[in-house]
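Below is data_11.cif, which holds mmCIF, C-alpha atoms.
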data_upload
loop_
_atom_site.label_atom_id
_atom_site.label_comp_id
_atom_site.auth_asym_id
_atom_site.auth_seq_id
_atom_site.Cartn_x
_atom_site.Cartn_y
_atom_site.Cartn_z
CA MET O 1 0.00 0.00 0.00
CA GLY O 2 1.31 3.44 -0.88
CA ILE O 3 1.54 6.49 1.35
CA GLN O 4 -1.86 7.42 2.72
CA ASN O 5 -2.94 11.05 2.74
CA LEU O 6 -5.83 12.90 4.36
CA VAL O 7 -7.22 15.10 1.59
CA SER O 8 -11.02 14.79 1.76
CA ILE O 9 -13.49 13.46 4.31
CA ASP O 10 -15.22 11.74 1.37
CA ASP O 11 -12.36 9.24 1.37
CA TRP O 12 -13.25 8.05 4.88
CA SER O 13 -15.90 5.51 5.83
CA ARG O 14 -18.00 5.66 8.96
CA SER O 15 -15.67 3.15 10.63
CA ASP O 16 -12.63 5.29 9.70
CA ILE O 17 -14.26 8.35 11.25
CA GLU O 18 -15.39 6.55 14.40
CA SER O 19 -11.97 4.97 14.90
CA LEU O 20 -10.29 8.37 14.71
CA LEU O 21 -12.87 9.93 17.05
CA GLY O 22 -12.28 7.09 19.50
CA VAL O 23 -8.55 7.80 19.57
CA ALA O 24 -9.26 11.52 19.97
CA ASP O 25 -11.52 10.69 22.91
CA ASP O 26 -8.72 8.66 24.53
CA ILE O 27 -6.35 11.58 24.01
CA HIS O 28 -8.91 14.03 25.37
CA ARG O 29 -9.35 11.97 28.53
CA HIS O 30 -5.70 10.98 29.06
CA PRO O 31 -3.48 13.50 27.23
CA GLY O 32 -0.40 12.72 29.31
CA ASP O 33 -0.41 9.12 28.11
CA PHE O 34 0.41 10.34 24.61
CA ALA O 35 3.05 12.91 25.53
CA CYS O 36 6.02 11.14 23.93
CA SER O 37 4.33 8.96 21.34
CA LEU O 38 5.83 10.85 18.37
CA THR O 39 9.21 11.74 19.85
CA GLY O 40 11.78 11.95 17.07
CA LYS O 41 9.22 12.83 14.36
CA LEU O 42 9.18 16.08 12.39
CA VAL O 43 5.94 17.70 11.20
CA CYS O 44 6.04 20.50 8.61
CA THR O 45 3.16 22.98 8.46
CA ALA O 46 3.02 24.66 5.04
CA PHE O 47 0.28 27.29 4.93
CA PHE O 48 -0.20 29.02 1.57
CA GLU O 49 -3.25 30.74 3.03
CA PRO O 50 -3.71 32.55 6.38
CA SER O 51 -4.79 30.54 9.41
CA THR O 52 -5.21 31.00 13.15
CA ARG O 53 -6.84 27.97 14.80
CA THR O 54 -5.90 25.32 12.25
CA ARG O 55 -2.21 26.10 12.15
CA LEU O 56 -1.84 26.70 15.88
CA SER O 57 -3.76 23.58 16.86
CA PHE O 58 -1.80 21.38 14.43
CA GLU O 59 1.48 22.71 15.80
CA ALA O 60 0.26 22.36 19.38
CA ALA O 61 -0.84 18.81 18.60
CA ALA O 62 2.58 17.91 17.23
CA HIS O 63 4.38 19.40 20.24
CA ARG O 64 2.05 17.66 22.71
CA LEU O 65 2.86 14.33 21.06
CA GLY O 66 6.59 15.00 21.41
CA ALA O 67 7.18 15.78 17.72
CA GLN O 68 9.06 18.81 16.47
CA VAL O 69 7.62 21.34 14.02
CA LEU O 70 9.02 23.00 10.91
CA SER O 71 6.67 25.92 10.23
CA MET O 72 6.07 27.75 6.97
CA GLY O 73 3.35 30.12 8.10
CA ASP O 74 4.32 33.02 5.85
CA MET O 75 5.14 32.10 2.28
CA GLN O 76 6.66 35.56 1.74
CA ASN O 77 9.64 34.21 3.66
CA THR O 78 10.15 31.43 1.10
CA ARG O 79 11.50 31.48 -2.45
CA MET O 80 8.01 31.34 -3.92
CA GLY O 81 8.33 35.10 -4.31
CA LEU O 82 11.07 34.42 -6.85
CA GLY O 83 8.89 32.03 -8.79
CA GLU O 84 9.50 28.69 -7.10
CA SER O 85 6.55 26.41 -7.73
CA ILE O 86 4.19 25.01 -5.11
CA THR O 87 5.29 21.49 -5.93
CA ASP O 88 9.00 22.29 -5.55
CA THR O 89 8.31 24.00 -2.23
CA LEU O 90 6.34 21.00 -0.97
CA ARG O 91 8.95 18.57 -2.29
CA MET O 92 11.53 20.23 -0.04
CA ALA O 93 9.19 20.00 2.94
CA GLY O 94 8.81 16.28 2.27
CA TYR O 95 12.58 15.83 2.22
CA TYR O 96 12.94 17.47 5.63
CA ALA O 97 9.88 16.21 7.55
CA ASP O 98 8.00 12.98 8.25
CA LEU O 99 4.57 14.48 7.50
CA VAL O 100 3.35 17.67 5.81
CA VAL O 101 0.25 19.61 6.87
CA ALA O 102 -0.74 22.08 4.14
CA ARG O 103 -3.42 24.65 3.37
CA HIS O 104 -4.13 26.19 -0.04
CA ALA O 105 -6.92 28.31 -1.51
CA ALA O 106 -7.09 26.59 -4.91
CA ASP O 107 -9.14 23.46 -5.59
CA GLY O 108 -7.19 20.49 -6.91
CA THR O 109 -3.85 21.58 -5.46
CA PHE O 110 -3.50 18.64 -3.09
CA GLU O 111 -3.42 16.05 -5.84
CA ARG O 112 -0.37 17.86 -7.26
CA MET O 113 1.20 18.13 -3.80
CA ALA O 114 0.66 14.46 -3.02
CA GLY O 115 2.27 13.51 -6.31
CA VAL O 116 5.66 14.90 -5.26
CA LEU O 117 5.68 13.77 -1.62
CA ASP O 118 6.98 10.49 -0.22
CA VAL O 119 5.55 11.28 3.22
CA PRO O 120 1.90 11.64 4.32
CA LEU O 121 0.08 14.82 3.34
CA VAL O 122 -2.69 16.11 5.61
CA SER O 123 -5.06 18.81 4.41
CA ALA O 124 -5.53 21.84 6.63
CA GLY O 125 -8.09 23.22 4.18
CA GLU O 126 -8.22 23.31 0.39
CA GLY O 127 -10.23 25.39 -2.03
CA GLN O 128 -13.98 25.74 -1.63
CA CYS O 129 -15.02 22.32 -0.37
CA ARG O 130 -12.38 20.37 1.58
CA HIS O 131 -11.49 20.74 5.24
CA PRO O 132 -11.40 17.18 6.60
CA THR O 133 -9.82 17.79 10.00
CA GLN O 134 -12.30 20.59 10.76
CA THR O 135 -15.06 18.11 9.95
CA LEU O 136 -13.55 15.59 12.36
CA ILE O 137 -13.44 18.29 15.05
CA ASP O 138 -17.08 19.20 14.41
CA LEU O 139 -18.18 15.56 14.56
CA PHE O 140 -16.10 14.95 17.69
CA THR O 141 -17.67 17.97 19.43
CA MET O 142 -21.20 16.87 18.57
CA ARG O 143 -20.60 13.25 19.54
CA ARG O 144 -19.17 14.20 22.94
CA HIS O 145 -22.23 16.34 23.67
CA PHE O 146 -25.00 14.12 22.27
CA GLY O 147 -23.36 10.69 22.65
CA THR O 148 -24.14 9.82 19.02
CA LEU O 149 -24.09 11.29 15.53
CA ASP O 150 -27.02 9.26 14.25
CA GLY O 151 -30.36 11.00 14.06
CA LEU O 152 -29.10 14.52 14.78
CA ARG O 153 -30.85 17.53 13.28
CA ILE O 154 -28.24 20.01 12.06
CA GLY O 155 -29.11 23.59 11.12
CA PHE O 156 -26.65 25.52 8.96
CA CYS O 157 -26.91 29.29 8.72
CA GLY O 158 -24.72 31.86 7.00
CA GLY O 159 -22.68 31.92 3.81
CA LEU O 160 -22.46 28.15 3.58
CA ARG O 161 -22.02 28.07 -0.22
CA TYR O 162 -18.69 29.84 0.33
CA SER O 163 -17.65 27.83 3.40
CA ARG O 164 -15.44 24.79 2.90
CA ALA O 165 -15.91 23.90 6.57
CA ALA O 166 -19.70 23.72 6.17
CA LYS O 167 -19.53 21.80 2.89
CA SER O 168 -16.98 19.37 4.29
CA LEU O 169 -19.15 18.77 7.37
CA LEU O 170 -22.17 18.11 5.16
CA ALA O 171 -20.11 15.44 3.39
CA GLY O 172 -19.04 13.91 6.70
CA LEU O 173 -22.58 13.76 8.04
CA ARG O 174 -23.61 11.53 5.13
CA ALA O 175 -21.69 8.68 6.78
CA PHE O 176 -24.24 8.61 9.63
CA ARG O 177 -27.82 7.40 9.82
CA GLY O 178 -30.89 9.57 10.06
CA THR O 179 -29.20 12.98 10.14
CA ARG O 180 -31.47 15.77 8.96
CA VAL O 181 -30.22 19.05 7.53
CA HIS O 182 -31.89 22.46 7.80
CA VAL O 183 -30.54 25.58 6.09
CA VAL O 184 -30.67 29.36 6.14
CA ASP O 185 -28.52 30.33 3.18
CA ALA O 186 -26.97 33.81 2.92
CA VAL O 187 -26.48 34.44 -0.80
CA ALA O 188 -24.05 37.20 -1.78
CA ASP O 189 -24.54 39.77 -4.54
CA THR O 190 -21.05 39.85 -6.08
CA GLY O 191 -22.16 38.46 -9.43
CA ALA O 192 -19.09 36.22 -9.53
CA GLY O 193 -20.80 33.74 -11.84
CA PRO O 194 -23.69 31.31 -11.38
CA LEU O 195 -23.94 29.52 -8.05
CA PRO O 196 -24.64 25.80 -7.87
CA PRO O 197 -28.20 24.93 -6.84
CA LEU O 198 -28.57 24.84 -3.06
CA ALA O 199 -29.70 21.19 -3.23
CA GLN O 200 -26.39 20.31 -4.88
CA VAL O 201 -24.53 21.81 -1.90
CA VAL O 202 -26.64 20.59 1.01
CA GLY O 203 -28.50 17.60 -0.43
CA ALA O 204 -31.94 17.25 -1.93
CA ASP O 205 -33.55 16.39 1.42
CA ALA O 206 -32.39 19.53 3.24
CA GLN O 207 -35.12 21.86 4.45
CA GLU O 208 -34.61 25.56 3.72
CA HIS O 209 -35.89 28.27 6.09
CA ASP O 210 -36.32 32.01 5.71
CA CYS O 211 -34.38 32.86 8.88
CA VAL O 212 -32.82 31.30 11.96
CA ALA O 213 -35.86 32.16 14.08
CA ASP O 214 -37.95 29.88 11.85
CA MET O 215 -35.39 27.08 12.00
CA ILE O 216 -34.18 27.01 15.58
CA ASP O 217 -36.95 24.86 17.07
CA HIS O 218 -36.34 22.15 14.46
CA VAL O 219 -32.64 21.48 15.15
CA ASP O 220 -30.32 20.06 17.80
CA VAL O 221 -27.25 21.89 16.47
CA LEU O 222 -26.88 25.35 14.97
CA TYR O 223 -23.75 25.39 12.80
CA VAL O 224 -23.18 29.09 12.22
CA VAL O 225 -21.02 30.21 9.31
CA ARG O 226 -19.64 33.69 8.76
CA VAL O 227 -21.67 35.91 6.45
CA GLN O 228 -18.78 37.05 4.28
CA ARG O 229 -18.92 40.84 4.01
CA GLU O 230 -16.28 40.79 1.27
CA ARG O 231 -18.69 39.00 -1.08
CA PHE O 232 -21.24 41.83 -1.05
CA HIS O 233 -21.18 44.98 -3.17
CA ASP O 234 -24.23 46.43 -1.51
CA ALA O 235 -24.15 47.14 2.23
CA ALA O 236 -27.93 46.91 2.56
CA ALA O 237 -27.93 43.45 0.95
CA TYR O 238 -25.21 42.32 3.35
CA HIS O 239 -27.09 43.53 6.43
CA ALA O 240 -30.32 41.93 5.23
CA GLN O 241 -28.60 38.55 4.90
CA LEU O 242 -26.84 39.03 8.23
CA GLU O 243 -30.14 39.62 10.02
CA ARG O 244 -31.60 36.41 8.56
CA CYS O 245 -28.64 34.46 10.00
CA ARG O 246 -27.95 36.24 13.28
CA VAL O 247 -27.84 33.97 16.33
CA ASP O 248 -27.92 36.09 19.48
CA ARG O 249 -28.75 35.52 23.14
CA ARG O 250 -32.27 36.90 22.88
CA LEU O 251 -33.17 34.53 20.06
CA LEU O 252 -31.67 31.49 21.79
CA ARG O 253 -33.41 32.14 25.10
CA ARG O 254 -36.74 32.93 23.46
CA SER O 255 -36.70 29.66 21.54
CA GLY O 256 -36.80 27.51 24.66
CA SER O 257 -34.70 24.87 22.92
CA ASP O 258 -31.45 23.32 24.19
CA VAL O 259 -29.62 23.85 20.93
CA ALA O 260 -25.81 23.55 20.72
CA VAL O 261 -24.24 26.45 18.81
CA LEU O 262 -21.10 25.69 16.80
CA HIS O 263 -19.01 28.01 14.62
CA CYS O 264 -15.78 27.15 12.81
CA LEU O 265 -14.59 30.77 13.35
CA PRO O 266 -13.63 33.52 12.71
CA ARG O 267 -17.02 35.03 13.40
CA GLY O 268 -18.68 38.28 12.50
CA GLY O 269 -22.01 39.85 13.34
CA GLU O 270 -23.85 36.57 12.77
CA LEU O 271 -22.74 35.37 16.23
CA PRO O 272 -22.49 38.23 18.76
CA GLU O 273 -20.33 37.93 21.85
CA ASP O 274 -23.42 38.00 24.06
CA VAL O 275 -23.77 34.26 23.37
CA ASP O 276 -20.32 33.50 24.80
CA GLU O 277 -21.42 33.29 28.44
CA THR O 278 -24.45 31.11 27.80
CA PRO O 279 -24.87 27.30 27.89
CA PHE O 280 -25.55 27.39 24.14
CA ASN O 281 -21.88 28.16 23.45
CA HIS O 282 -20.11 25.06 22.16
CA TYR O 283 -17.88 26.88 19.67
CA PHE O 284 -15.01 27.62 22.05
CA ARG O 285 -14.96 23.98 23.13
CA GLN O 286 -15.12 23.07 19.44
CA ALA O 287 -12.00 25.17 18.80
CA ALA O 288 -10.21 23.69 21.82
CA ASN O 289 -11.07 20.17 20.64
CA GLY O 290 -8.92 20.84 17.60
CA VAL O 291 -5.81 19.88 19.56
CA ALA O 292 -6.99 16.41 20.61
CA VAL O 293 -8.49 15.62 17.20
CA ARG O 294 -5.39 16.75 15.31
CA MET O 295 -3.22 14.81 17.76
CA ALA O 296 -5.25 11.75 16.76
CA VAL O 297 -4.74 12.55 13.07
CA LEU O 298 -0.97 12.87 13.50
CA GLN O 299 -0.93 9.68 15.55
CA ARG O 300 -2.85 7.86 12.81
CA TYR O 301 -0.32 8.77 10.12
CA LEU O 302 2.89 8.72 12.17
CA GLY O 303 2.12 6.46 15.15
CA ARG O 304 1.98 2.72 15.59
CA PHE O 305 -1.33 0.91 16.01
CA ARG O 306 -0.96 -2.47 17.71
CA ARG O 307 -3.41 -4.08 15.29
CA PRO O 308 -2.55 -7.77 15.82
CA SER O 309 -2.63 -7.70 19.60
CA ALA O 310 -4.36 -4.45 20.44
CA ALA O 311 -6.23 -4.25 23.72
CA ARG O 312 -9.81 -3.16 23.27
CA VAL O 313 -11.12 -0.09 25.04
CA GLY O 314 -14.84 -0.23 24.36
CA ASP O 315 -14.87 -0.63 20.58
CA ARG O 316 -11.63 1.30 20.03
CA LEU O 317 -8.02 0.35 19.51
CA ARG O 318 -5.53 1.79 21.95
CA LEU O 319 -2.23 3.01 20.59
CA ASP O 320 1.24 1.70 21.21
CA ILE O 321 2.50 4.64 23.25
CA ALA O 322 5.31 5.63 25.57
CA PRO O 323 4.89 5.63 29.36
CA ALA O 324 2.73 8.36 30.80
CA PHE O 325 4.15 11.69 31.89
CA ALA O 326 2.38 14.07 34.23
CA SER O 327 1.11 17.28 32.64
CA GLU O 328 -0.84 20.34 33.72
CA PRO O 329 -4.49 20.46 32.62
CA SER O 330 -5.30 22.66 29.63
CA LEU O 331 -8.46 24.14 28.12
CA ALA O 332 -7.97 21.65 25.29
CA TRP O 333 -8.71 18.78 27.68
#
Mind converting the file's structure to structure tokens?
Amino acid sequence: MGIQNLVSIDDWSRSDIESLLGVADDIHRHPGDFACSLTGKLVCTAFFEPSTRTRLSFEAAAHRLGAQVLSMGDMQNTRMGLGESITDTLRMAGYYADLVVARHAADGTFERMAGVLDVPLVSAGEGQCRHPTQTLIDLFTMRRHFGTLDGLRIGFCGGLRYSRAAKSLLAGLRAFRGTRVHVVDAVADTGAGPLPPLAQVVGADAQEHDCVADMIDHVDVLYVVRVQRERFHDAAAYHAQLERCRVDRRLLRRSGSDVAVLHCLPRGGELPEDVDETPFNHYFRQAANGVAVRMAVLQRYLGRFRRPSAARVGDRLRLDIAPAFASEPSLAW
């Protein structure tokens, strides 16, 4: 079998996803047990597009596993400014590291990257549709809260046609039974060409609503996506779409529902800070969960599973890891 890469959540089965989430749960509960499991490994983060949470949580994950990090967080400090190609840049990263984590704004770039690497390639976001590790974080956060991913009612609101996190999560949810999708779609006015039909993005069975207030009593999860101001020419059109998608404290408390609010961040006016100190807020925990989930991803591609003689923990495989080391608790746990 050749080198395996994590490029799209579509490549993963339900059992693949659940196995990874099980390892992430072990890490979340017992982070110190994994502290030295990747000692001696080098992880390169190559970000051709800006990032806050994804880059920091991948690098934190590598450090917490005992790996070292080679970071290319600003491509202006590379020779790409002199015309070096993406593939040549990535080829060098593959020579120097044991695994490459990359982000790029253009669709189809990862196939080219993977073609020049002899080490695993993990997507930290690509183009308009792919963000597999964010999807794993979203699924992990929902499963820890609800205990299952089957049968959940997920409401998406915001500029989801422009959100690779939302579209990647929609793809991941298809692996589970009985999930129902509800949508409030904020359509921009940039005239940047025809948009795909909404059913093509969210699925033919998704139910569309006029605003969040109409949708909130029908969902268990509100997955809020930024309403992208930069995609609007007209300020009035932007504010009209923002109002349809706004999730604030007054709306949440008036609904009487126990909905969990998620947001892949960064946020804008669609999710005011007045929600932060309420029990509806699951988005900070979602962001913190990025460390444990990305630790599990790195462990999957660089660690050692004891497949022939693995001890079962519930229905999960425990990893072959180094002895435990004491560590201080963190928000990520």
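Here atom CA of Ser123 of chain O stands at a distance of 29.8 Å from atom CA of Pro272 of chain O.
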A straight line from atom CA of Ser51 of chain O to atom CA of Gln228 of chain O spans 16.3 Å
Enumerate, as a PyMOL selection string, the residues matched when the PyMOL selection byres ((chain O and resi 253) around 12) is run on the file above. chain O and resi 213+216-217+247-252+254-259+274-275+278-280
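With distances restricted to only C-alpha atoms, O:Val122 is the closest residue to Val7 of chain O from O:Ala235, O:Val122, O:Leu271, O:Ala105.
Take the candidates O:Thr179, O:Gln134, O:Ser15, O:Gln299 and check each one against Leu99 of chain O using all atoms listed in the file; the shortest distance goes to O:Gln299.
Atom to atom, atom CA of Val227 of chain O and atom CA of Gly159 of chain O stand 4.9 Å apart.
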Arg164 of chain O proximity check over O:Val69, O:Ala62, O:Met215, O:Val201, using all atoms listed in the file: winner is O:Val201
Next on the checklist: For a quick check of your reading of the model, name the residues lying within 9 Å of the coordinate (3.4, 19.5, -1.8), counting all atoms listed in the file, and write them as a list in words.
Outcome noted: Ala46, Ile86, Thr87, Asp88, Thr89, Leu90, Arg91, Met92, Ala93, Gly94, Val100, Ala102, Thr109, Phe110, Glu111, Arg112, Met113, Ala114, Gly115, Val116, Leu117 and Leu121 of chain O
- Evaluate the PyMOL selection byres ((chain O and resi 16) around 12) here and jot the selected residues down as a PyMOL selection string. chain O and resi 6+9-15+17-23+136+172+175+297+300+316-317
Open item on the list: Once the PyMOL selection byres ((chain O and resi 223) around 7) is applied to the coordinates I shared, what remains selected? I want it as number ranges by chain.
Closed with: O: 155-157, 221-222, 224-225, 261-263
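If you measure from each of O:Leu56, O:Met295, O:Gln286, O:Ala124 to Pro31 of chain O using only C-alpha atoms, the closest one turns out to be O:Met295.
Of the listed residues O:Arg130, O:Arg246, O:Arg174, O:His282, the one whose atoms come nearest to Ser8 of chain O is O:Arg130, with distances taken using only C-alpha atoms.
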Residues near Pro197 of chain O, anyone? I mean within 12 Å using only C-alpha atoms, not counting same-chain ones fewer than 4 positions away, as JSON, numbers by chain. {"O": [161, 185, 187, 201, 202, 203, 204]}
In terms of all atoms listed in the file, the residue from O:His218, O:Arg177, O:Arg143, O:Arg285 at minimal distance from Cys264 of chain O is O:Arg285
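Near Ala35 of chain O, within a cut-off of 6 Å and counting all atoms listed in the file, sit the residues Gly32, Arg64, Leu65 and Gly66 of chain O, with same-chain residues fewer than 3 positions away left out.
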If we count only C-alpha atoms and set the cut-off at 8 Å, which residues sit around Met72 of chain O, ignoring sequence neighbours fewer than 4 positions away in its own chain? Please answer as a compact mmCIF listing (two decimals) with C-alpha atoms, keeping the file's coordinate frame.
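Once written, around.txt looks like this:
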# COMPACT_ATOMS: atom_id res chain seq x y z
CA CYS O 44 6.04 20.50 8.61
CA THR O 45 3.16 22.98 8.46
CA ALA O 46 3.02 24.66 5.04
CA PHE O 47 0.28 27.29 4.93
Using the incomplete input, complete segment 190-221 of chain O to the level of N, CA and C atoms; output as an mmCIF file, in the coordinates of the input.
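Written out: out21.cif:
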data_model
loop_
_atom_site.group_PDB
_atom_site.id
_atom_site.type_symbol
_atom_site.label_atom_id
_atom_site.label_comp_id
_atom_site.auth_asym_id
_atom_site.auth_seq_id
_atom_site.Cartn_x
_atom_site.Cartn_y
_atom_site.Cartn_z
ATOM 1 N N THR O 190 -22.256 39.433 -5.355
ATOM 2 C CA THR O 190 -21.050 39.850 -6.080
ATOM 3 C C THR O 190 -21.146 39.599 -7.569
ATOM 4 N N GLY O 191 -22.066 38.755 -8.009
ATOM 5 C CA GLY O 191 -22.160 38.460 -9.430
ATOM 6 C C GLY O 191 -20.934 37.760 -9.964
ATOM 7 N N ALA O 192 -20.326 36.895 -9.133
ATOM 8 C CA ALA O 192 -19.090 36.220 -9.530
ATOM 9 C C ALA O 192 -19.376 34.935 -10.308
ATOM 10 N N GLY O 193 -20.466 34.926 -11.071
ATOM 11 C CA GLY O 193 -20.800 33.740 -11.840
ATOM 12 C C GLY O 193 -21.939 32.979 -11.186
ATOM 13 N N PRO O 194 -22.538 32.052 -11.915
ATOM 14 C CA PRO O 194 -23.690 31.310 -11.380
ATOM 15 C C PRO O 194 -23.296 30.416 -10.214
ATOM 16 N N LEU O 195 -24.153 30.382 -9.206
ATOM 17 C CA LEU O 195 -23.940 29.520 -8.050
ATOM 18 C C LEU O 195 -24.567 28.158 -8.304
ATOM 19 N N PRO O 196 -23.983 27.103 -7.741
ATOM 20 C CA PRO O 196 -24.640 25.800 -7.870
ATOM 21 C C PRO O 196 -25.957 25.803 -7.128
ATOM 22 N N PRO O 197 -26.931 25.014 -7.572
ATOM 23 C CA PRO O 197 -28.200 24.930 -6.840
ATOM 24 C C PRO O 197 -27.948 24.552 -5.385
ATOM 25 N N LEU O 198 -28.760 25.114 -4.486
ATOM 26 C CA LEU O 198 -28.570 24.840 -3.060
ATOM 27 C C LEU O 198 -28.655 23.344 -2.779
ATOM 28 N N ALA O 199 -29.556 22.633 -3.454
ATOM 29 C CA ALA O 199 -29.700 21.190 -3.230
ATOM 30 C C ALA O 199 -28.426 20.441 -3.573
ATOM 31 N N GLN O 200 -27.659 20.960 -4.522
ATOM 32 C CA GLN O 200 -26.390 20.310 -4.880
ATOM 33 C C GLN O 200 -25.369 20.464 -3.770
ATOM 34 N N VAL O 201 -25.470 21.543 -2.992
ATOM 35 C CA VAL O 201 -24.530 21.810 -1.900
ATOM 36 C C VAL O 201 -24.932 21.051 -0.636
ATOM 37 N N VAL O 202 -26.203 21.102 -0.290
ATOM 38 C CA VAL O 202 -26.640 20.590 1.010
ATOM 39 C C VAL O 202 -27.390 19.264 0.926
ATOM 40 N N GLY O 203 -27.732 18.830 -0.278
ATOM 41 C CA GLY O 203 -28.500 17.600 -0.430
ATOM 42 C C GLY O 203 -29.956 17.883 -0.707
ATOM 43 N N ALA O 204 -30.562 17.018 -1.484
ATOM 44 C CA ALA O 204 -31.940 17.250 -1.930
ATOM 45 C C ALA O 204 -32.939 17.215 -0.780
ATOM 46 N N ASP O 205 -32.602 16.529 0.315
ATOM 47 C CA ASP O 205 -33.550 16.390 1.420
ATOM 48 C C ASP O 205 -33.459 17.513 2.448
ATOM 49 N N ALA O 206 -32.527 18.440 2.272
ATOM 50 C CA ALA O 206 -32.390 19.530 3.240
ATOM 51 C C ALA O 206 -33.610 20.449 3.193
ATOM 52 N N GLN O 207 -33.981 20.955 4.357
ATOM 53 C CA GLN O 207 -35.120 21.860 4.450
ATOM 54 C C GLN O 207 -34.622 23.289 4.589
ATOM 55 N N GLU O 208 -35.045 24.173 3.686
ATOM 56 C CA GLU O 208 -34.610 25.560 3.720
ATOM 57 C C GLU O 208 -35.606 26.411 4.501
ATOM 58 N N HIS O 209 -35.077 27.372 5.275
ATOM 59 C CA HIS O 209 -35.890 28.270 6.090
ATOM 60 C C HIS O 209 -35.572 29.716 5.727
ATOM 61 N N ASP O 210 -36.511 30.606 6.027
ATOM 62 C CA ASP O 210 -36.320 32.010 5.710
ATOM 63 C C ASP O 210 -35.320 32.684 6.638
ATOM 64 N N CYS O 211 -35.279 32.248 7.904
ATOM 65 C CA CYS O 211 -34.380 32.860 8.880
ATOM 66 C C CYS O 211 -34.137 31.875 10.018
ATOM 67 N N VAL O 212 -33.167 32.194 10.851
ATOM 68 C CA VAL O 212 -32.820 31.300 11.960
ATOM 69 C C VAL O 212 -33.985 31.161 12.929
ATOM 70 N N ALA O 213 -34.730 32.229 13.153
ATOM 71 C CA ALA O 213 -35.860 32.160 14.080
ATOM 72 C C ALA O 213 -36.871 31.104 13.652
ATOM 73 N N ASP O 214 -37.029 30.904 12.344
ATOM 74 C CA ASP O 214 -37.950 29.880 11.850
ATOM 75 C C ASP O 214 -37.371 28.478 11.960
ATOM 76 N N MET O 215 -36.057 28.376 12.039
ATOM 77 C CA MET O 215 -35.390 27.080 12.000
ATOM 78 C C MET O 215 -35.050 26.531 13.379
ATOM 79 N N ILE O 216 -34.850 27.390 14.347
ATOM 80 C CA ILE O 216 -34.180 27.010 15.580
ATOM 81 C C ILE O 216 -34.902 25.909 16.356
ATOM 82 N N ASP O 217 -36.212 25.875 16.318
ATOM 83 C CA ASP O 217 -36.950 24.860 17.070
ATOM 84 C C ASP O 217 -36.968 23.494 16.388
ATOM 85 N N HIS O 218 -36.345 23.402 15.215
ATOM 86 C CA HIS O 218 -36.340 22.150 14.460
ATOM 87 C C HIS O 218 -34.969 21.461 14.469
ATOM 88 N N VAL O 219 -34.007 22.007 15.236
ATOM 89 C CA VAL O 219 -32.640 21.480 15.150
ATOM 90 C C VAL O 219 -32.059 21.234 16.541
ATOM 91 N N ASP O 220 -31.093 20.320 16.589
ATOM 92 C CA ASP O 220 -30.320 20.060 17.800
ATOM 93 C C ASP O 220 -29.030 20.879 17.818
ATOM 94 N N VAL O 221 -28.512 21.166 16.629
ATOM 95 C CA VAL O 221 -27.250 21.890 16.470
ATOM 96 C C VAL O 221 -27.459 23.048 15.520
#
